[in-house]
$ cat run05.json   # JSON, C-alpha atoms
[["chain", "number", "residue", "atom", "x", "y", "z"],
["A", 250, "MET", "CA", -21.37, -28.20, -13.84],
["A", 251, "THR", "CA", -19.77, -24.75, -13.45],
["A", 252, "ASP", "CA", -17.07, -23.86, -15.95],
["A", 253, "PRO", "CA", -13.85, -23.44, -13.89],
["A", 254, "VAL", "CA", -12.23, -20.97, -16.31],
["A", 255, "PRO", "CA", -14.50, -17.99, -15.50],
["A", 256, "VAL", "CA", -14.28, -18.82, -11.80],
["A", 257, "VAL", "CA", -10.47, -18.87, -11.84],
["A", 258, "GLY", "CA", -10.34, -15.76, -14.01],
["A", 259, "GLY", "CA", -12.70, -13.91, -11.69],
["A", 260, "PHE", "CA", -10.67, -15.00, -8.66],
["A", 261, "LEU", "CA", -7.42, -13.76, -10.21],
["A", 262, "ALA", "CA", -8.98, -10.44, -11.24],
["A", 263, "ALA", "CA", -10.34, -9.94, -7.71],
["A", 264, "ALA", "CA", -6.96, -10.85, -6.20],
["A", 265, "VAL", "CA", -5.19, -8.25, -8.35],
["A", 266, "ARG", "CA", -7.76, -5.57, -7.50],
["A", 267, "VAL", "CA", -7.38, -6.22, -3.77],
["A", 268, "THR", "CA", -3.60, -6.38, -4.08],
["A", 269, "THR", "CA", -3.21, -3.02, -5.85],
["A", 270, "PRO", "CA", -3.65, -0.58, -2.91],
["A", 271, "LEU", "CA", -1.63, -2.86, -0.62],
["A", 272, "LEU", "CA", 1.16, -3.09, -3.17],
["A", 273, "LEU", "CA", 1.25, 0.65, -3.73],
["A", 274, "ALA", "CA", 1.48, 1.35, 0.01],
["A", 275, "ALA", "CA", 4.09, -1.38, 0.48],
["A", 276, "ILE", "CA", 6.27, -0.05, -2.36],
["A", 277, "GLY", "CA", 6.39, 3.37, -0.72],
["A", 278, "GLU", "CA", 7.08, 1.85, 2.69],
["A", 279, "THR", "CA", 9.92, -0.22, 1.20],
["A", 280, "VAL", "CA", 11.63, 2.97, 0.04],
["A", 281, "ALA", "CA", 11.15, 4.61, 3.45],
["A", 282, "GLU", "CA", 12.37, 1.61, 5.45],
["A", 283, "ARG", "CA", 15.38, 1.15, 3.19],
["A", 284, "ALA", "CA", 16.32, 4.68, 4.31],
["A", 285, "GLY", "CA", 15.88, 3.71, 7.97],
["A", 286, "VAL", "CA", 12.40, 5.18, 8.55],
["A", 287, "ILE", "CA", 9.56, 2.98, 9.79],
["A", 288, "ASN", "CA", 6.31, 4.79, 9.14],
["A", 289, "LEU", "CA", 3.43, 3.60, 11.29],
["A", 290, "GLY", "CA", 1.52, 6.60, 10.01],
["A", 291, "LEU", "CA", 1.00, 4.71, 6.75],
["A", 292, "GLU", "CA", -2.55, 3.79, 7.78],
["A", 293, "GLY", "CA", -3.43, 7.43, 8.42],
["A", 294, "MET", "CA", -1.86, 8.54, 5.13],
["A", 295, "MET", "CA", -3.91, 5.98, 3.22],
["A", 296, "LEU", "CA", -7.04, 7.18, 4.99],
["A", 297, "ALA", "CA", -6.23, 10.82, 4.22],
["A", 298, "GLY", "CA", -5.62, 9.88, 0.59],
["A", 299, "ALA", "CA", -8.96, 8.10, 0.45],
["A", 300, "LEU", "CA", -10.88, 11.11, 1.79],
["A", 301, "ALA", "CA", -8.99, 13.59, -0.41],
["A", 302, "ALA", "CA", -9.75, 11.40, -3.43],
["A", 303, "THR", "CA", -13.42, 11.40, -2.46],
["A", 304, "LEU", "CA", -13.50, 15.18, -2.23],
["A", 305, "GLY", "CA", -11.57, 15.64, -5.47],
["A", 306, "ALA", "CA", -13.60, 13.12, -7.43],
["A", 307, "SER", "CA", -16.86, 14.64, -6.21],
["A", 308, "ALA", "CA", -15.75, 18.10, -7.35],
["A", 309, "ALA", "CA", -13.83, 17.48, -10.57],
["A", 310, "GLY", "CA", -13.69, 13.80, -11.48],
["A", 311, "PRO", "CA", -11.59, 10.75, -10.55],
["A", 312, "TRP", "CA", -8.24, 12.03, -11.84],
["A", 313, "SER", "CA", -8.54, 15.11, -9.67],
["A", 314, "GLY", "CA", -9.28, 12.72, -6.82],
["A", 315, "ILE", "CA", -6.11, 10.75, -7.57],
["A", 316, "ALA", "CA", -4.02, 13.93, -7.54],
["A", 317, "LEU", "CA", -5.52, 15.16, -4.27],
["A", 318, "GLY", "CA", -5.06, 11.73, -2.71],
["A", 319, "VAL", "CA", -1.35, 11.73, -3.52],
["A", 320, "LEU", "CA", -1.02, 15.29, -2.21],
["A", 321, "ALA", "CA", -2.80, 14.43, 1.05],
["A", 322, "GLY", "CA", -0.49, 11.48, 1.64],
["A", 323, "MET", "CA", 2.56, 13.65, 1.04],
["A", 324, "LEU", "CA", 1.30, 16.37, 3.39],
["A", 325, "LEU", "CA", 0.89, 13.93, 6.26],
["A", 326, "ALA", "CA", 4.26, 12.41, 5.40],
["A", 327, "ALA", "CA", 5.79, 15.90, 5.61],
["A", 328, "VAL", "CA", 4.34, 16.31, 9.12],
["A", 329, "PHE", "CA", 5.72, 12.91, 10.09],
["A", 330, "ALA", "CA", 9.14, 13.77, 8.64],
["A", 331, "ALA", "CA", 9.22, 17.11, 10.48],
["A", 332, "VAL", "CA", 8.52, 15.40, 13.78],
["A", 333, "SER", "CA", 10.54, 12.20, 13.45],
["A", 334, "ILE", "CA", 13.45, 13.25, 11.22],
["A", 335, "VAL", "CA", 13.95, 16.97, 11.82],
["A", 336, "ALA", "CA", 12.88, 17.04, 15.48],
["A", 337, "ARG", "CA", 14.24, 13.48, 16.01],
["A", 338, "ALA", "CA", 11.16, 12.23, 17.86],
["A", 339, "ASP", "CA", 10.50, 8.52, 18.25],
["A", 340, "GLN", "CA", 9.27, 7.20, 14.89],
["A", 341, "ILE", "CA", 6.86, 4.66, 16.38],
["A", 342, "ILE", "CA", 5.12, 7.24, 18.57],
["A", 343, "ALA", "CA", 5.06, 9.85, 15.80],
["A", 344, "GLY", "CA", 3.61, 7.41, 13.28],
["A", 345, "THR", "CA", 0.97, 6.20, 15.69],
["A", 346, "ALA", "CA", -0.02, 9.81, 16.45],
["A", 347, "ILE", "CA", -0.31, 10.56, 12.73],
["A", 348, "THR", "CA", -2.68, 7.63, 12.23],
["A", 349, "LEU", "CA", -4.83, 8.45, 15.25],
["A", 350, "GLY", "CA", -5.03, 12.09, 14.21],
["A", 351, "ALA", "CA", -5.94, 11.13, 10.64],
["A", 352, "VAL", "CA", -8.77, 8.88, 11.83],
["A", 353, "GLY", "CA", -10.38, 11.71, 13.78],
["A", 354, "LEU", "CA", -9.70, 14.41, 11.20],
["A", 355, "THR", "CA", -10.99, 12.46, 8.20],
["A", 356, "GLY", "CA", -14.13, 11.45, 10.08],
["A", 357, "THR", "CA", -14.86, 15.06, 10.99],
["A", 358, "ILE", "CA", -14.24, 16.40, 7.48],
["A", 359, "TYR", "CA", -16.31, 13.61, 5.94],
["A", 360, "ARG", "CA", -19.32, 14.34, 8.13],
["A", 361, "GLU", "CA", -19.03, 18.07, 7.50],
["A", 362, "ALA", "CA", -18.76, 17.60, 3.73],
["A", 363, "TYR", "CA", -21.36, 14.87, 3.16],
["A", 364, "GLY", "CA", -23.42, 14.62, 6.32],
["A", 365, "THR", "CA", -24.33, 11.31, 7.90],
["A", 366, "GLY", "CA", -25.62, 9.92, 4.60],
["A", 367, "GLY", "CA", -22.24, 10.13, 2.90],
["A", 368, "ALA", "CA", -21.37, 10.21, -0.79],
["A", 369, "GLY", "CA", -23.11, 6.91, -1.52],
["A", 370, "LEU", "CA", -22.34, 5.12, -4.76],
["A", 371, "THR", "CA", -22.55, 8.24, -6.93],
["A", 372, "LEU", "CA", -18.82, 8.81, -6.74],
["A", 373, "PRO", "CA", -17.17, 8.75, -10.21],
["A", 374, "THR", "CA", -14.62, 5.95, -10.43],
["A", 375, "LEU", "CA", -11.78, 4.88, -12.70],
["A", 376, "SER", "CA", -12.79, 2.50, -15.49],
["A", 377, "PRO", "CA", -10.66, -0.55, -16.35],
["A", 378, "ILE", "CA", -8.23, 0.00, -19.21],
["A", 379, "ALA", "CA", -7.92, -3.06, -21.43],
["A", 380, "ILE", "CA", -4.53, -3.47, -23.12],
["A", 381, "PRO", "CA", -5.12, -4.66, -26.71],
["A", 382, "GLU", "CA", -4.32, -8.30, -27.40],
["A", 383, "LEU", "CA", -2.89, -8.91, -23.90],
["A", 384, "SER", "CA", -6.29, -8.56, -22.27],
["A", 385, "ARG", "CA", -7.57, -11.37, -24.51],
["A", 386, "ILE", "CA", -5.21, -13.97, -23.05],
["A", 387, "PRO", "CA", -7.38, -16.62, -21.38],
["A", 388, "VAL", "CA", -7.67, -16.44, -17.60],
["A", 389, "ILE", "CA", -4.70, -14.14, -16.86],
["A", 390, "GLY", "CA", -5.50, -11.54, -19.54],
["A", 391, "PRO", "CA", -8.49, -9.90, -17.82],
["A", 392, "ALA", "CA", -6.80, -10.24, -14.41],
["A", 393, "LEU", "CA", -3.59, -8.43, -15.35],
["A", 394, "PHE", "CA", -4.35, -6.42, -18.47],
["A", 395, "ALA", "CA", -7.90, -5.13, -17.95],
["A", 396, "GLN", "CA", -7.47, -3.19, -14.72],
["A", 397, "PRO", "CA", -7.78, 0.48, -13.70],
["A", 398, "ALA", "CA", -4.76, 2.73, -14.16],
["A", 399, "PRO", "CA", -3.41, 2.45, -10.55],
["A", 400, "THR", "CA", -2.76, -1.26, -11.10],
["A", 401, "TYR", "CA", -0.48, -0.46, -14.02],
["A", 402, "VAL", "CA", 1.21, 2.25, -11.95],
["A", 403, "ALA", "CA", 1.98, -0.36, -9.28],
["A", 404, "LEU", "CA", 3.29, -2.85, -11.84],
["A", 405, "LEU", "CA", 5.54, -0.21, -13.41],
["A", 406, "ALA", "CA", 6.68, 1.13, -10.04],
["A", 407, "LEU", "CA", 8.09, -2.24, -8.99],
["A", 408, "PRO", "CA", 10.93, -2.43, -11.55],
["A", 409, "ALA", "CA", 11.48, 1.33, -11.30],
["A", 410, "VAL", "CA", 11.99, 1.18, -7.52],
["A", 411, "TRP", "CA", 14.22, -1.91, -7.88],
["A", 412, "TRP", "CA", 16.37, -0.10, -10.44],
["A", 413, "VAL", "CA", 16.72, 3.01, -8.29],
["A", 414, "LEU", "CA", 17.53, 1.04, -5.13],
["A", 415, "PHE", "CA", 20.04, -1.40, -6.61],
["A", 416, "ARG", "CA", 21.39, 0.18, -9.79],
["A", 417, "THR", "CA", 21.91, 3.87, -8.99],
["A", 418, "ARG", "CA", 24.15, 5.92, -6.70],
["A", 419, "LEU", "CA", 21.03, 7.43, -5.14],
["A", 420, "GLY", "CA", 19.82, 3.96, -4.21],
["A", 421, "LEU", "CA", 23.22, 3.05, -2.79],
["A", 422, "ALA", "CA", 23.23, 6.19, -0.64],
["A", 423, "LEU", "CA", 19.67, 5.51, 0.49],
["A", 424, "ARG", "CA", 20.44, 1.91, 1.47],
["A", 425, "ALA", "CA", 23.62, 3.03, 3.23],
["A", 426, "THR", "CA", 21.53, 5.52, 5.22],
["A", 427, "GLY", "CA", 19.25, 2.73, 6.38],
["A", 428, "GLU", "CA", 22.08, 0.40, 7.25],
["A", 429, "ALA", "CA", 24.64, 2.74, 8.87],
["A", 430, "ALA", "CA", 23.60, 6.38, 8.92],
["A", 431, "GLU", "CA", 26.67, 7.61, 10.83],
["A", 432, "MET", "CA", 29.06, 6.01, 8.36],
["A", 433, "ALA", "CA", 27.02, 7.35, 5.46],
["A", 434, "ARG", "CA", 27.20, 10.86, 6.91],
["A", 435, "ALA", "CA", 30.96, 10.49, 7.31],
["A", 436, "ALA", "CA", 31.13, 9.61, 3.61],
["A", 437, "GLY", "CA", 29.29, 12.81, 2.71],
["A", 438, "VAL", "CA", 25.77, 11.45, 2.29],
["A", 439, "ARG", "CA", 23.05, 13.90, 3.29],
["A", 440, "THR", "CA", 21.17, 11.33, 5.33],
["A", 441, "ARG", "CA", 18.50, 13.66, 6.72],
["A", 442, "LEU", "CA", 17.58, 14.86, 3.24],
["A", 443, "LEU", "CA", 17.48, 11.30, 1.92],
["A", 444, "ARG", "CA", 15.26, 10.12, 4.75],
["A", 445, "THR", "CA", 12.91, 13.04, 4.24],
["A", 446, "GLY", "CA", 12.67, 12.34, 0.53],
["A", 447, "ALA", "CA", 12.07, 8.64, 1.13],
["A", 448, "THR", "CA", 9.35, 9.45, 3.66],
["A", 449, "LEU", "CA", 7.62, 11.82, 1.24],
["A", 450, "THR", "CA", 7.81, 9.16, -1.45],
["A", 451, "GLY", "CA", 6.21, 6.67, 0.92],
["A", 452, "GLY", "CA", 3.48, 9.19, 1.73],
["A", 453, "ALA", "CA", 2.76, 9.76, -1.97],
["A", 454, "PHE", "CA", 2.37, 6.03, -2.57],
["A", 455, "ALA", "CA", 0.19, 5.71, 0.55],
["A", 456, "GLY", "CA", -2.05, 8.54, -0.64],
["A", 457, "LEU", "CA", -2.33, 6.89, -4.06],
["A", 458, "ALA", "CA", -3.18, 3.60, -2.35],
["A", 459, "GLY", "CA", -6.01, 5.25, -0.41],
["A", 460, "ALA", "CA", -7.27, 6.97, -3.57],
["A", 461, "THR", "CA", -7.18, 3.63, -5.40],
["A", 462, "LEU", "CA", -9.24, 2.01, -2.66],
["A", 463, "VAL", "CA", -11.95, 4.63, -3.17],
["A", 464, "LEU", "CA", -11.83, 5.26, -6.92],
["A", 465, "ALA", "CA", -10.92, 1.84, -8.29],
["A", 466, "GLN", "CA", -12.61, -0.52, -5.83],
["A", 467, "VAL", "CA", -15.47, 0.52, -3.55],
["A", 468, "GLY", "CA", -16.62, 3.75, -5.19],
["A", 469, "THR", "CA", -17.40, 5.54, -1.93],
["A", 470, "PHE", "CA", -15.87, 6.58, 1.38],
["A", 471, "ALA", "CA", -16.57, 5.36, 4.89],
["A", 472, "GLU", "CA", -14.95, 6.40, 8.14],
["A", 473, "ASN", "CA", -11.84, 4.33, 8.92],
["A", 474, "MET", "CA", -12.37, 2.43, 5.66],
["A", 475, "THR", "CA", -8.72, 1.43, 5.33],
["A", 476, "ALA", "CA", -9.39, -1.08, 8.14],
["A", 477, "GLY", "CA", -5.76, -1.80, 8.96],
["A", 478, "ARG", "CA", -4.47, -2.04, 5.40],
["A", 479, "GLY", "CA", -1.62, 0.34, 6.23],
["A", 480, "TYR", "CA", -0.36, -2.00, 8.94],
["A", 481, "VAL", "CA", -0.77, -4.96, 6.59],
["A", 482, "ALA", "CA", 1.38, -3.11, 4.04],
["A", 483, "ILE", "CA", 4.11, -2.76, 6.67],
["A", 484, "ALA", "CA", 3.88, -6.50, 7.34],
["A", 485, "ILE", "CA", 4.11, -7.12, 3.59],
["A", 486, "VAL", "CA", 7.41, -5.21, 3.50],
["A", 487, "VAL", "CA", 8.80, -7.50, 6.21],
["A", 488, "LEU", "CA", 7.52, -10.61, 4.42],
["A", 489, "GLY", "CA", 9.05, -9.32, 1.20],
["A", 490, "ARG", "CA", 12.43, -8.83, 2.91],
["A", 491, "TRP", "CA", 12.56, -5.16, 1.93],
["A", 492, "HIS", "CA", 12.96, -6.12, -1.74],
["A", 493, "PRO", "CA", 10.48, -5.02, -4.45],
["A", 494, "ALA", "CA", 10.13, -8.53, -5.89],
["A", 495, "GLY", "CA", 9.47, -10.07, -2.49],
["A", 496, "VAL", "CA", 7.05, -7.28, -1.63],
["A", 497, "ALA", "CA", 5.09, -7.98, -4.82],
["A", 498, "ILE", "CA", 4.80, -11.69, -3.98],
["A", 499, "ALA", "CA", 3.76, -11.00, -0.38],
["A", 500, "ALA", "CA", 1.16, -8.44, -1.47],
["A", 501, "LEU", "CA", -0.29, -10.88, -4.00],
["A", 502, "LEU", "CA", -0.45, -13.54, -1.28],
["A", 503, "PHE", "CA", -2.58, -11.30, 0.89],
["A", 504, "GLY", "CA", -4.69, -10.20, -2.07],
["A", 505, "ALA", "CA", -5.32, -13.82, -3.06],
["A", 506, "ALA", "CA", -6.29, -14.71, 0.50],
["A", 507, "THR", "CA", -8.76, -11.82, 0.56],
["A", 508, "ALA", "CA", -10.21, -12.81, -2.82],
["A", 509, "LEU", "CA", -10.46, -16.41, -1.62],
["A", 510, "GLN", "CA", -12.91, -15.38, 1.08],
["A", 511, "TYR", "CA", -15.28, -14.16, -1.64],
["A", 512, "VAL", "CA", -15.09, -17.57, -3.30],
["A", 513, "PHE", "CA", -15.82, -19.34, -0.03],
["A", 514, "GLN", "CA", -18.78, -17.11, 0.70],
["A", 515, "ALA", "CA", -20.12, -17.63, -2.83],
["A", 516, "LEU", "CA", -20.04, -21.39, -2.27],
["A", 517, "GLY", "CA", -22.64, -20.91, 0.47],
["A", 518, "LEU", "CA", -20.77, -22.89, 3.12],
["A", 519, "ALA", "CA", -22.54, -23.10, 6.46],
["A", 520, "VAL", "CA", -19.72, -21.30, 8.26],
["A", 521, "PRO", "CA", -19.87, -17.85, 9.92],
["A", 522, "TYR", "CA", -18.71, -15.27, 7.38],
["A", 523, "GLN", "CA", -16.48, -13.66, 10.03],
["A", 524, "LEU", "CA", -14.14, -16.64, 9.68],
["A", 525, "PHE", "CA", -13.71, -15.85, 6.00],
["A", 526, "LEU", "CA", -13.00, -12.21, 6.84],
["A", 527, "MET", "CA", -10.28, -13.36, 9.24],
["A", 528, "LEU", "CA", -8.57, -15.54, 6.65],
["A", 529, "PRO", "CA", -6.17, -13.02, 5.05],
["A", 530, "TYR", "CA", -5.10, -11.62, 8.42],
["A", 531, "VAL", "CA", -4.52, -15.07, 9.87],
["A", 532, "LEU", "CA", -2.43, -16.06, 6.86],
["A", 533, "THR", "CA", -0.41, -12.85, 7.22],
["A", 534, "LEU", "CA", 0.24, -13.54, 10.91],
["A", 535, "LEU", "CA", 1.31, -17.12, 10.15],
["A", 536, "ALA", "CA", 3.61, -15.93, 7.39],
["A", 537, "LEU", "CA", 5.13, -13.30, 9.67],
["A", 538, "ALA", "CA", 5.61, -15.85, 12.45],
["A", 539, "GLY", "CA", 7.45, -18.09, 10.02],
["A", 540, "ALA", "CA", 9.61, -15.20, 8.82],
["A", 541, "VAL", "CA", 10.76, -14.13, 12.29],
["A", 542, "GLY", "CA", 14.40, -14.98, 12.81],
["A", 543, "ARG", "CA", 15.10, -15.51, 9.13],
["A", 544, "VAL", "CA", 14.98, -11.91, 7.92],
["A", 545, "ARG", "CA", 17.15, -8.95, 8.82],
["A", 546, "ALA", "CA", 15.80, -5.43, 8.73],
["A", 547, "PRO", "CA", 17.99, -2.46, 7.78],
["A", 548, "ALA", "CA", 20.31, -1.98, 10.74],
["A", 549, "ASP", "CA", 19.36, 1.63, 11.46],
["A", 550, "LEU", "CA", 15.62, 1.16, 10.91],
["A", 551, "GLY", "CA", 13.68, 3.30, 13.38],
["A", 552, "ARG", "CA", 16.73, 5.05, 14.84],
["A", 553, "PRO", "CA", 16.69, 8.88, 14.90]]
$ encode --input "run05.json" --output "structure tokens"
Amino acid sequence: MTDPVPVVGGFLAAAVRVTTPLLLAAIGETVAERAGVINLGLEGMMLAGALAATLGASAAGPWSGIALGVLAGMLLAAVFAAVSIVARADQIIAGTAITLGAVGLTGTIYREAYGTGGAGLTLPTLSPIAIPELSRIPVIGPALFAQPAPTYVALLALPAVWWVLFRTRLGLALRATGEAAEMARAAGVRTRLLRTGATLTGGAFAGLAGATLVLAQVGTFAENMTAGRGYVAIAIVVLGRWHPAGVAIAALLFGAATALQYVFQALGLAVPYQLFLMLPYVLTLLALAGAVGRVRAPADLGRP
């Protein structure tokens, strides 16, 4: 009989690994949406971060890849901010254009840099960092305290973002911008500057999420490899009710659903594997359907 402890421990570790890039992207999107900016370019920023991380890691190691991934996400976020905040274009259209442009641009750069064969599995990746004593806790120790560095960044970012949003004057001004921008401007808040800063922050987290996907999970790059994770991160923000704690729970739910498909496939069930691949997305849709009508977005979300 199979020992259930290693199975459960492996499932939890896989769930945390899958959750990490989603959580990073969702944290950044939470900041942006709290300021009234809905960024559908999140998918493209993650993809740009993934390719930049591939190029950086190939040239100078994984930490250079992480830095370039964050920079790439911020650059695309700056383009999005210039179009949607400065030029006051429709945020939905601008974000969609950013994602479509990123898909084509990253595919072209990837083929030019690596050819049709790609980087393969030779890409240097981030090794897990075991926290002494904590990583020895049965079951949850390896899952939470023996992960690559981006996982710890995500775990530390959650309380940091909560503190900024709900315990500082900057967070109050940012939330006021998302709820009633005109009133915030009348009170002296520089709403355009705040929205730009929040968008750049979201882009940085998205770039880090894409870099994490490459350097802490799959170890290579493929065209359009984010596979809708940016849109899932936006859904996670809605499920989490625009609150860091709720976002963390929603991200872990999706990560656990994704990890569960690996368990089902390992059991060798005579079921088409495509059904297992659908599982996390179906659960997300069901959760979103249940949340409709019971959550309230920031009042000025998406308004120029």
$ residues_around --input "run05.json" --residues "range 494-502 of chain A" --least-positions-apart "5" --cutoff "7 Å" --atoms "all atoms listed in the file" --output "list of chain:residue names"
A:Thr268, A:Leu271, A:Leu272, A:Ala275, A:Ile485, A:Val486, A:Leu488, A:Gly489
$ residues_near_point --input "run05.json" --point "(-2.0, 16.1, -1.6)" --cutoff "10 Å" --atoms "only C-alpha atoms" --output "ChimeraX atom specification"
/A:297-298,301-302,314-325,452-453,456-457
$ residues_around --input "run05.json" --residues "Thr371 in chain A" --least-positions-apart "3" --cutoff "9 Å" --atoms "all atoms listed in the file" --output "NGL selection string"
:A and (307 or 368 or 374 or 468-469)
$ residues_around --input "run05.json" --residues "Gly350 in chain A" --least-positions-apart "2" --cutoff "12 Å" --atoms "all atoms listed in the file" --output "MDAnalysis selection string"
chainID A and resid 290 292:294 296:297 325 328:329 343:348 352:357 473
$ write_last_selection --input "run05.json" --atoms "C-alpha atoms" --output "compact mmCIF listing (two decimals), keeping the file's coordinate frame"
# COMPACT_ATOMS: atom_id res chain seq x y z
CA GLY A 290 1.52 6.60 10.01
CA GLU A 292 -2.55 3.79 7.78
CA GLY A 293 -3.43 7.43 8.42
CA MET A 294 -1.86 8.54 5.13
CA LEU A 296 -7.04 7.18 4.99
CA ALA A 297 -6.23 10.82 4.22
CA LEU A 325 0.89 13.93 6.26
CA VAL A 328 4.34 16.31 9.12
CA PHE A 329 5.72 12.91 10.09
CA ALA A 343 5.06 9.85 15.80
CA GLY A 344 3.61 7.41 13.28
CA THR A 345 0.97 6.20 15.69
CA ALA A 346 -0.02 9.81 16.45
CA ILE A 347 -0.31 10.56 12.73
CA THR A 348 -2.68 7.63 12.23
CA VAL A 352 -8.77 8.88 11.83
CA GLY A 353 -10.38 11.71 13.78
CA LEU A 354 -9.70 14.41 11.20
CA THR A 355 -10.99 12.46 8.20
CA GLY A 356 -14.13 11.45 10.08
CA THR A 357 -14.86 15.06 10.99
CA ASN A 473 -11.84 4.33 8.92
$ atom_distance --input "run05.json" --atom1 "CA of Thr440 in chain A" --atom2 "CA of Thr426 in chain A"
5.8 Å
$ residues_around --input "run05.json" --residues "Arg439 in chain A" --least-positions-apart "3" --cutoff "10 Å" --atoms "only C-alpha atoms" --output "list in words"
Ala422, Leu423, Thr426, Ala430, Ala433, Arg434, Ala435, Ala436, Leu442, Leu443 and Arg444 of chain A
$ decode --input "run05.json" --residues "range 468-479 of chain A" --atoms "N, CA, C and O atoms" --output "mmCIF file, in the first residue's frame"
data_model
loop_
_atom_site.group_PDB
_atom_site.id
_atom_site.type_symbol
_atom_site.label_atom_id
_atom_site.label_comp_id
_atom_site.auth_asym_id
_atom_site.auth_seq_id
_atom_site.Cartn_x
_atom_site.Cartn_y
_atom_site.Cartn_z
ATOM 1 N N GLY A 468 11.898 25.341 -16.907
ATOM 2 C CA GLY A 468 13.286 25.322 -17.326
ATOM 3 C C GLY A 468 13.533 25.547 -18.799
ATOM 4 O O GLY A 468 14.636 25.288 -19.291
ATOM 5 N N THR A 469 12.558 26.058 -19.525
ATOM 6 C CA THR A 469 12.725 26.378 -20.934
ATOM 7 C C THR A 469 11.645 27.356 -21.345
ATOM 8 O O THR A 469 10.805 27.750 -20.525
ATOM 9 N N PHE A 470 11.669 27.769 -22.603
ATOM 10 C CA PHE A 470 10.663 28.702 -23.109
ATOM 11 C C PHE A 470 10.000 28.103 -24.327
ATOM 12 O O PHE A 470 10.636 27.434 -25.143
ATOM 13 N N ALA A 471 8.701 28.326 -24.441
ATOM 14 C CA ALA A 471 7.943 27.936 -25.629
ATOM 15 C C ALA A 471 7.021 29.088 -25.992
ATOM 16 O O ALA A 471 6.593 29.855 -25.118
ATOM 17 N N GLU A 472 6.745 29.227 -27.259
ATOM 18 C CA GLU A 472 5.882 30.315 -27.705
ATOM 19 C C GLU A 472 4.507 30.217 -27.039
ATOM 20 O O GLU A 472 3.921 29.141 -26.966
ATOM 21 N N ASN A 473 4.036 31.359 -26.551
ATOM 22 C CA ASN A 473 2.728 31.456 -25.892
ATOM 23 C C ASN A 473 2.630 30.508 -24.698
ATOM 24 O O ASN A 473 1.566 29.958 -24.412
ATOM 25 N N MET A 474 3.728 30.323 -23.969
ATOM 26 C CA MET A 474 3.778 29.340 -22.894
ATOM 27 C C MET A 474 2.963 29.748 -21.666
ATOM 28 O O MET A 474 2.647 28.894 -20.831
ATOM 29 N N THR A 475 2.603 31.009 -21.541
ATOM 30 C CA THR A 475 1.790 31.400 -20.395
ATOM 31 C C THR A 475 0.389 30.803 -20.449
ATOM 32 O O THR A 475 -0.253 30.619 -19.411
ATOM 33 N N ALA A 476 -0.096 30.506 -21.651
ATOM 34 C CA ALA A 476 -1.333 29.723 -21.834
ATOM 35 C C ALA A 476 -2.513 30.241 -21.018
ATOM 36 O O ALA A 476 -3.238 29.482 -20.376
ATOM 37 N N GLY A 477 -2.695 31.558 -21.013
ATOM 38 C CA GLY A 477 -3.857 32.127 -20.339
ATOM 39 C C GLY A 477 -3.685 32.389 -18.857
ATOM 40 O O GLY A 477 -4.641 32.805 -18.192
ATOM 41 N N ARG A 478 -2.492 32.193 -18.324
ATOM 42 C CA ARG A 478 -2.301 32.404 -16.883
ATOM 43 C C ARG A 478 -2.526 33.859 -16.486
ATOM 44 O O ARG A 478 -2.945 34.126 -15.352
ATOM 45 N N GLY A 479 -2.238 34.798 -17.375
ATOM 46 C CA GLY A 479 -2.492 36.198 -17.060
ATOM 47 C C GLY A 479 -3.969 36.472 -16.845
ATOM 48 O O GLY A 479 -4.359 37.196 -15.917
#
